[in-house]
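*Asks:* Take a look at the following structure, please.
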Amino acid sequence: MKTYSAKSGEIEKKWVVIDAEGVVLGRLASIIANRLRGKHKPTYTPHMDDGDHVIVVNVDKVQMTGRKRSDKVYHWHTGYPGGIKSRTAAQILEGRFPERVLFKAVQRMMPGGPLSRRQLTHLKLYAGPEHPHAAQKPEPLDVRSMNPKNSRSA
């Protein structure tokens, strides 16, 4: 029996839309990372980009368990001496770009490298309920009904 390896012409990509309202951040990021890599498919090939395109709406309404909203801190460096900056998850979610919290969670769940960076371009995040990808006919993926632990009320 030979191991199956997908060719670039055989890859079938779908579009999936996920509503993040009330869903726990880490569980959502894990599901999205698996979808982007294509690990949910029986034709998964580690060196090929055979994942789906994922659209996530209502990212600003994502939930966190425990005190992570106020205690989780994101750090970055400006490049200047003494230029380390930090913000809490709550400050980012209430700020101008609330999508960054989910993007960083998904990015850090994927392996580093050129393939993962290309797969991350297939992730589309929107703070509100609207998205401009209706022409691709995305199928809804109900993350809340997969497991009762996936959702959390405010």
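Going through the structure tokens in order, the chains are called A, B, and so on, while each chain numbers its residues from 1 and the ligands are numbered from 1 in the order shown.
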Report as a tab-separated table the residues of range 49-151 of chain A within 12 Å of range 13-18 of chain A, each with its shortest atom pair and distance in Å (one decimal), using only C-alpha atoms, ordered by chain and increasing residue number.
*Replies:*
```
residue	atom	partner	partner_atom	distance
A:Asp49	CA	A:Lys13	CA	9.3
A:Asp50	CA	A:Lys13	CA	6.7
A:Gly51	CA	A:Lys13	CA	6.5
A:Asp52	CA	A:Lys13	CA	5.1
A:His53	CA	A:Trp15	CA	4.7
A:Val54	CA	A:Val16	CA	5.0
A:Ile55	CA	A:Val17	CA	4.6
A:Val56	CA	A:Ile18	CA	4.8
A:Val57	CA	A:Ile18	CA	6.3
A:Asn58	CA	A:Ile18	CA	8.8
A:Val59	CA	A:Ile18	CA	9.6
A:Val62	CA	A:Ile18	CA	11.5
A:Gln119	CA	A:Lys13	CA	11.7
A:His122	CA	A:Trp15	CA	9.3
A:Leu123	CA	A:Val16	CA	9.9
A:Lys124	CA	A:Val17	CA	9.3
A:Leu125	CA	A:Ile18	CA	9.7
A:Tyr126	CA	A:Ile18	CA	10.5
A:Pro129	CA	A:Ile18	CA	10.3
A:Glu130	CA	A:Val17	CA	10.8
A:His131	CA	A:Val17	CA	9.3
A:Pro132	CA	A:Val17	CA	11.5
A:His133	CA	A:Trp15	CA	9.1
A:Ala134	CA	A:Val17	CA	9.9
A:Ala135	CA	A:Trp15	CA	10.3
A:Gln136	CA	A:Trp15	CA	6.8
A:Lys137	CA	A:Trp15	CA	7.0
A:Pro138	CA	A:Trp15	CA	4.5
A:Glu139	CA	A:Val16	CA	4.8
A:Pro140	CA	A:Val17	CA	4.8
A:Leu141	CA	A:Ile18	CA	5.3
A:Asp142	CA	A:Ile18	CA	6.6
A:Val143	CA	A:Ile18	CA	7.2
A:Arg144	CA	A:Ile18	CA	9.7
A:Ser145	CA	A:Ile18	CA	11.8
```
*Asks:* Atoms to include: N, CA and C atoms. Write the selected residues as an mmCIF file, in the first residue's frame.
*Replies:*
```cif
data_model
loop_
_atom_site.group_PDB
_atom_site.id
_atom_site.type_symbol
_atom_site.label_atom_id
_atom_site.label_comp_id
_atom_site.auth_asym_id
_atom_site.auth_seq_id
_atom_site.Cartn_x
_atom_site.Cartn_y
_atom_site.Cartn_z
ATOM 1 N N ASP A 49 -0.502 22.991 0.274
ATOM 2 C CA ASP A 49 -1.514 23.907 0.802
ATOM 3 C C ASP A 49 -2.886 23.400 0.352
ATOM 4 N N ASP A 50 -3.473 22.491 1.118
ATOM 5 C CA ASP A 50 -4.770 21.940 0.737
ATOM 6 C C ASP A 50 -5.860 22.299 1.747
ATOM 7 N N GLY A 51 -5.655 23.353 2.528
ATOM 8 C CA GLY A 51 -6.655 23.802 3.490
ATOM 9 C C GLY A 51 -7.730 24.636 2.836
ATOM 10 N N ASP A 52 -8.731 25.000 3.628
ATOM 11 C CA ASP A 52 -9.849 25.807 3.142
ATOM 12 C C ASP A 52 -9.598 27.291 3.376
ATOM 13 N N HIS A 53 -10.425 28.108 2.723
ATOM 14 C CA HIS A 53 -10.456 29.539 3.001
ATOM 15 C C HIS A 53 -11.442 29.736 4.147
ATOM 16 N N VAL A 54 -11.042 30.454 5.193
ATOM 17 C CA VAL A 54 -11.873 30.618 6.376
ATOM 18 C C VAL A 54 -12.204 32.093 6.564
ATOM 19 N N ILE A 55 -13.508 32.384 6.669
ATOM 20 C CA ILE A 55 -14.003 33.735 6.948
ATOM 21 C C ILE A 55 -14.572 33.714 8.359
ATOM 22 N N VAL A 56 -14.135 34.642 9.201
ATOM 23 C CA VAL A 56 -14.638 34.708 10.574
ATOM 24 C C VAL A 56 -15.269 36.082 10.772
ATOM 25 N N VAL A 57 -16.547 36.098 11.191
ATOM 26 C CA VAL A 57 -17.257 37.344 11.453
ATOM 27 C C VAL A 57 -17.517 37.473 12.951
ATOM 28 N N ASN A 58 -17.799 38.688 13.401
ATOM 29 C CA ASN A 58 -18.043 39.009 14.816
ATOM 30 C C ASN A 58 -16.842 38.651 15.691
ATOM 31 N N VAL A 59 -15.650 38.944 15.217
ATOM 32 C CA VAL A 59 -14.438 38.635 15.974
ATOM 33 C C VAL A 59 -14.370 39.460 17.259
ATOM 34 N N VAL A 62 -15.697 37.686 20.548
ATOM 35 C CA VAL A 62 -15.118 36.413 20.987
ATOM 36 C C VAL A 62 -14.928 36.457 22.504
ATOM 37 N N GLN A 119 -0.709 29.911 4.031
ATOM 38 C CA GLN A 119 -2.010 29.445 4.484
ATOM 39 C C GLN A 119 -2.718 30.517 5.308
ATOM 40 N N HIS A 122 -5.203 32.873 3.701
ATOM 41 C CA HIS A 122 -6.555 32.384 3.414
ATOM 42 C C HIS A 122 -7.500 32.610 4.582
ATOM 43 N N LEU A 123 -7.039 33.308 5.619
ATOM 44 C CA LEU A 123 -7.867 33.626 6.772
ATOM 45 C C LEU A 123 -8.348 35.067 6.647
ATOM 46 N N LYS A 124 -9.671 35.251 6.637
ATOM 47 C CA LYS A 124 -10.268 36.586 6.523
ATOM 48 C C LYS A 124 -11.053 36.874 7.802
ATOM 49 N N LEU A 125 -10.664 37.925 8.525
ATOM 50 C CA LEU A 125 -11.274 38.255 9.811
ATOM 51 C C LEU A 125 -12.012 39.585 9.719
ATOM 52 N N TYR A 126 -13.238 39.628 10.285
ATOM 53 C CA TYR A 126 -14.053 40.837 10.269
ATOM 54 C C TYR A 126 -14.669 41.045 11.643
ATOM 55 N N PRO A 129 -20.640 41.779 11.597
ATOM 56 C CA PRO A 129 -21.325 40.598 11.058
ATOM 57 C C PRO A 129 -21.285 40.478 9.533
ATOM 58 N N GLU A 130 -20.796 41.481 8.830
ATOM 59 C CA GLU A 130 -20.789 41.477 7.363
ATOM 60 C C GLU A 130 -19.413 41.099 6.815
ATOM 61 N N HIS A 131 -19.401 40.452 5.634
ATOM 62 C CA HIS A 131 -18.159 40.156 4.933
ATOM 63 C C HIS A 131 -18.399 40.278 3.427
ATOM 64 N N PRO A 132 -17.354 40.651 2.650
ATOM 65 C CA PRO A 132 -17.525 40.861 1.205
ATOM 66 C C PRO A 132 -17.284 39.612 0.355
ATOM 67 N N HIS A 133 -17.399 38.417 0.927
ATOM 68 C CA HIS A 133 -17.072 37.200 0.188
ATOM 69 C C HIS A 133 -18.302 36.368 -0.147
ATOM 70 N N ALA A 134 -19.433 37.003 -0.354
ATOM 71 C CA ALA A 134 -20.667 36.279 -0.665
ATOM 72 C C ALA A 134 -20.579 35.579 -2.025
ATOM 73 N N ALA A 135 -19.789 36.113 -2.957
ATOM 74 C CA ALA A 135 -19.674 35.520 -4.287
ATOM 75 C C ALA A 135 -19.015 34.140 -4.245
ATOM 76 N N GLN A 136 -18.234 33.855 -3.205
ATOM 77 C CA GLN A 136 -17.572 32.556 -3.092
ATOM 78 C C GLN A 136 -18.497 31.484 -2.512
ATOM 79 N N LYS A 137 -19.703 31.872 -2.102
ATOM 80 C CA LYS A 137 -20.697 30.964 -1.512
ATOM 81 C C LYS A 137 -20.111 30.149 -0.352
ATOM 82 N N PRO A 138 -19.690 30.834 0.723
ATOM 83 C CA PRO A 138 -19.106 30.092 1.843
ATOM 84 C C PRO A 138 -20.149 29.292 2.601
ATOM 85 N N GLU A 139 -19.761 28.103 3.043
ATOM 86 C CA GLU A 139 -20.645 27.253 3.839
ATOM 87 C C GLU A 139 -20.484 27.636 5.310
ATOM 88 N N PRO A 140 -21.590 27.757 6.056
ATOM 89 C CA PRO A 140 -21.461 28.081 7.482
ATOM 90 C C PRO A 140 -20.940 26.884 8.269
ATOM 91 N N LEU A 141 -20.051 27.153 9.221
ATOM 92 C CA LEU A 141 -19.520 26.126 10.110
ATOM 93 C C LEU A 141 -19.905 26.524 11.531
ATOM 94 N N ASP A 142 -20.758 25.730 12.172
ATOM 95 C CA ASP A 142 -21.252 26.053 13.510
ATOM 96 C C ASP A 142 -20.308 25.467 14.554
ATOM 97 N N VAL A 143 -19.396 26.295 15.045
ATOM 98 C CA VAL A 143 -18.408 25.877 16.026
ATOM 99 C C VAL A 143 -19.059 25.669 17.390
ATOM 100 N N ARG A 144 -20.100 26.444 17.677
ATOM 101 C CA ARG A 144 -20.756 26.357 18.989
ATOM 102 C C ARG A 144 -21.387 24.995 19.233
ATOM 103 N N SER A 145 -21.939 24.373 18.185
ATOM 104 C CA SER A 145 -22.623 23.096 18.356
ATOM 105 C C SER A 145 -21.677 21.894 18.334
#
```
*Asks:* When DSSP is applied to the backbone of this structure, which of range 8-142 of chain A are assigned strand (DSSP E)? Write them out as a ChimeraX atom specification.
*Replies:* /A:15-19,53-57,73-77,84-88,123-125,139-140
*Asks:* Find the spatial neighbours of range 90-101 of chain A, counting only C-alpha atoms, within a cut-off of 8 Å - ignore same-chain residues fewer than 3 positions away - and output them as a PyMOL selection string.
*Replies:* chain A and resi 59-60+69-70+87+104-105+125-127
*Asks:* Determine, counting only C-alpha atoms, which protein, DNA and RNA residues have an atom within 7 Å of an atom of Thr88 in chain A; residues of the same chain fewer than 6 positions away are not included. Present the result as a list in words.
*Replies:*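 So the residues in contact are Ser70, Asp71, Lys72, Val73 and Tyr74 of chain A.
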*Asks:* Kindly export the residues of the current selection with N, CA and C atoms, as a PDB file, in the first residue's frame.
*Replies:*
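As a result, again.pdb now contains:
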```pdb
ATOM      1  N   SER A  70      -8.408  40.436  30.926  1.00  0.00           N
ATOM      2  CA  SER A  70      -7.694  41.532  31.585  1.00  0.00           C
ATOM      3  C   SER A  70      -6.233  41.198  31.889  1.00  0.00           C
ATOM      4  N   ASP A  71      -5.892  39.911  32.012  1.00  0.00           N
ATOM      5  CA  ASP A  71      -4.540  39.528  32.416  1.00  0.00           C
ATOM      6  C   ASP A  71      -3.617  39.163  31.258  1.00  0.00           C
ATOM      7  N   LYS A  72      -4.169  38.701  30.127  1.00  0.00           N
ATOM      8  CA  LYS A  72      -3.326  38.301  28.993  1.00  0.00           C
ATOM      9  C   LYS A  72      -2.731  39.547  28.351  1.00  0.00           C
ATOM     10  N   VAL A  73      -1.407  39.563  28.226  1.00  0.00           N
ATOM     11  CA  VAL A  73      -0.708  40.740  27.720  1.00  0.00           C
ATOM     12  C   VAL A  73       0.018  40.386  26.426  1.00  0.00           C
ATOM     13  N   TYR A  74      -0.122  41.226  25.415  1.00  0.00           N
ATOM     14  CA  TYR A  74       0.575  41.082  24.143  1.00  0.00           C
ATOM     15  C   TYR A  74       1.724  42.095  24.120  1.00  0.00           C
TER      16      TYR A  74
END
```
*Asks:* For the structure I just gave you, how does DSSP split range 5-115 of chain A - specifically, which residues are alpha helix (DSSP H)? Reply as an mmCIF file with N, CA and C atoms, in the first residue's frame.
*Replies:*
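For reference, result_20.cif as written:
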```cif
data_model
loop_
_atom_site.group_PDB
_atom_site.id
_atom_site.type_symbol
_atom_site.label_atom_id
_atom_site.label_comp_id
_atom_site.auth_asym_id
_atom_site.auth_seq_id
_atom_site.Cartn_x
_atom_site.Cartn_y
_atom_site.Cartn_z
ATOM 1 N N LEU A 25 -11.983 31.785 22.579
ATOM 2 C CA LEU A 25 -10.906 32.156 21.661
ATOM 3 C C LEU A 25 -9.985 30.997 21.290
ATOM 4 N N GLY A 26 -9.434 30.299 22.263
ATOM 5 C CA GLY A 26 -8.467 29.237 21.978
ATOM 6 C C GLY A 26 -9.071 28.077 21.210
ATOM 7 N N ARG A 27 -10.289 27.696 21.546
ATOM 8 C CA ARG A 27 -10.950 26.593 20.851
ATOM 9 C C ARG A 27 -11.245 26.979 19.407
ATOM 10 N N LEU A 28 -11.671 28.221 19.202
ATOM 11 C CA LEU A 28 -11.932 28.711 17.850
ATOM 12 C C LEU A 28 -10.643 28.744 17.030
ATOM 13 N N ALA A 29 -9.559 29.240 17.626
ATOM 14 C CA ALA A 29 -8.282 29.328 16.924
ATOM 15 C C ALA A 29 -7.773 27.948 16.531
ATOM 16 N N SER A 30 -7.977 26.963 17.386
ATOM 17 C CA SER A 30 -7.550 25.598 17.090
ATOM 18 C C SER A 30 -8.303 25.026 15.894
ATOM 19 N N ILE A 31 -9.602 25.251 15.849
ATOM 20 C CA ILE A 31 -10.420 24.763 14.730
ATOM 21 C C ILE A 31 -10.023 25.460 13.431
ATOM 22 N N ILE A 32 -9.788 26.778 13.502
ATOM 23 C CA ILE A 32 -9.401 27.537 12.312
ATOM 24 C C ILE A 32 -8.042 27.078 11.804
ATOM 25 N N ALA A 33 -7.081 26.862 12.705
ATOM 26 C CA ALA A 33 -5.740 26.425 12.292
ATOM 27 C C ALA A 33 -5.806 25.069 11.588
ATOM 28 N N ASN A 34 -6.628 24.149 12.095
ATOM 29 C CA ASN A 34 -6.775 22.849 11.446
ATOM 30 C C ASN A 34 -7.406 22.983 10.069
ATOM 31 N N ARG A 35 -8.394 23.867 9.932
ATOM 32 C CA ARG A 35 -9.050 24.092 8.633
ATOM 33 C C ARG A 35 -8.080 24.705 7.632
ATOM 34 N N LEU A 36 -7.280 25.686 8.075
ATOM 35 C CA LEU A 36 -6.335 26.343 7.171
ATOM 36 C C LEU A 36 -5.261 25.373 6.672
ATOM 37 N N ARG A 37 -4.813 24.475 7.530
ATOM 38 C CA ARG A 37 -3.783 23.507 7.151
ATOM 39 C C ARG A 37 -4.343 22.365 6.331
ATOM 40 N N LYS A 68 -8.436 35.999 31.485
ATOM 41 C CA LYS A 68 -7.527 36.255 30.368
ATOM 42 C C LYS A 68 -7.789 37.590 29.696
ATOM 43 N N ARG A 69 -9.032 38.022 29.656
ATOM 44 C CA ARG A 69 -9.351 39.287 28.993
ATOM 45 C C ARG A 69 -8.580 40.454 29.610
ATOM 46 N N SER A 70 -8.408 40.436 30.926
ATOM 47 C CA SER A 70 -7.694 41.532 31.585
ATOM 48 C C SER A 70 -6.233 41.198 31.889
ATOM 49 N N ASP A 71 -5.892 39.911 32.012
ATOM 50 C CA ASP A 71 -4.540 39.528 32.416
ATOM 51 C C ASP A 71 -3.617 39.163 31.258
ATOM 52 N N ALA A 89 -5.419 42.015 26.342
ATOM 53 C CA ALA A 89 -6.366 41.523 25.336
ATOM 54 C C ALA A 89 -7.607 42.406 25.301
ATOM 55 N N ALA A 90 -8.045 42.892 26.453
ATOM 56 C CA ALA A 90 -9.227 43.753 26.504
ATOM 57 C C ALA A 90 -8.992 45.052 25.752
ATOM 58 N N GLN A 91 -7.795 45.634 25.887
ATOM 59 C CA GLN A 91 -7.489 46.878 25.185
ATOM 60 C C GLN A 91 -7.490 46.666 23.675
ATOM 61 N N ILE A 92 -6.981 45.536 23.220
ATOM 62 C CA ILE A 92 -6.940 45.262 21.775
ATOM 63 C C ILE A 92 -8.348 44.998 21.245
ATOM 64 N N LEU A 93 -9.144 44.197 21.984
ATOM 65 C CA LEU A 93 -10.502 43.876 21.533
ATOM 66 C C LEU A 93 -11.404 45.107 21.495
ATOM 67 N N GLU A 99 -9.450 42.238 15.452
ATOM 68 C CA GLU A 99 -9.159 40.986 14.759
ATOM 69 C C GLU A 99 -7.773 40.445 15.109
ATOM 70 N N ARG A 100 -6.887 41.310 15.602
ATOM 71 C CA ARG A 100 -5.505 40.902 15.853
ATOM 72 C C ARG A 100 -5.397 39.837 16.932
ATOM 73 N N VAL A 101 -6.310 39.826 17.888
ATOM 74 C CA VAL A 101 -6.258 38.830 18.958
ATOM 75 C C VAL A 101 -6.458 37.433 18.370
ATOM 76 N N LEU A 102 -7.466 37.264 17.534
ATOM 77 C CA LEU A 102 -7.716 35.957 16.926
ATOM 78 C C LEU A 102 -6.630 35.602 15.913
ATOM 79 N N PHE A 103 -6.148 36.582 15.157
ATOM 80 C CA PHE A 103 -5.097 36.312 14.179
ATOM 81 C C PHE A 103 -3.845 35.791 14.865
ATOM 82 N N LYS A 104 -3.435 36.431 15.957
ATOM 83 C CA LYS A 104 -2.244 35.993 16.685
ATOM 84 C C LYS A 104 -2.436 34.602 17.279
ATOM 85 N N ALA A 105 -3.645 34.311 17.770
ATOM 86 C CA ALA A 105 -3.908 32.989 18.331
ATOM 87 C C ALA A 105 -3.781 31.906 17.258
ATOM 88 N N VAL A 106 -4.325 32.168 16.073
ATOM 89 C CA VAL A 106 -4.245 31.200 14.977
ATOM 90 C C VAL A 106 -2.810 31.083 14.482
ATOM 91 N N GLN A 107 -2.134 32.211 14.324
ATOM 92 C CA GLN A 107 -0.766 32.227 13.824
ATOM 93 C C GLN A 107 0.163 31.435 14.731
ATOM 94 N N ARG A 108 -0.031 31.555 16.036
ATOM 95 C CA ARG A 108 0.843 30.873 16.984
ATOM 96 C C ARG A 108 0.508 29.392 17.133
ATOM 97 N N PRO A 114 7.329 29.170 5.382
ATOM 98 C CA PRO A 114 6.691 29.763 4.208
ATOM 99 C C PRO A 114 5.296 29.204 3.917
ATOM 100 N N LEU A 115 5.091 27.903 4.129
ATOM 101 C CA LEU A 115 3.792 27.303 3.847
ATOM 102 C C LEU A 115 2.723 27.849 4.798
#
```
*Asks:* Grab the CA of Met64 in chain A to CA of Arg152 in chain A distance for me, in Å with one decimal place.
*Replies:* 8.2 Å
*Asks:* Could you jot down the CA of Thr43 in chain A to CA of Arg117 in chain A separation for me, Å, one decimal place?
*Replies:*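 Between CA of Thr43 in chain A and CA of Arg117 in chain A the gap works out to 20.7 Å.
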*Asks:* Closest to Thr3 in chain A among A:Pro148, A:Pro42, A:Gly112, A:Pro81, using only C-alpha atoms?
*Replies:*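 Closest residue, counting only C-alpha atoms: A:Pro42.
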*Asks:* Could you state the separation of CA of Asn147 in chain A and CA of His40 in chain A in Å, given to one decimal place?
*Replies:*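 According to the coordinates, CA of Asn147 in chain A and CA of His40 in chain A are separated by 16.3 Å.
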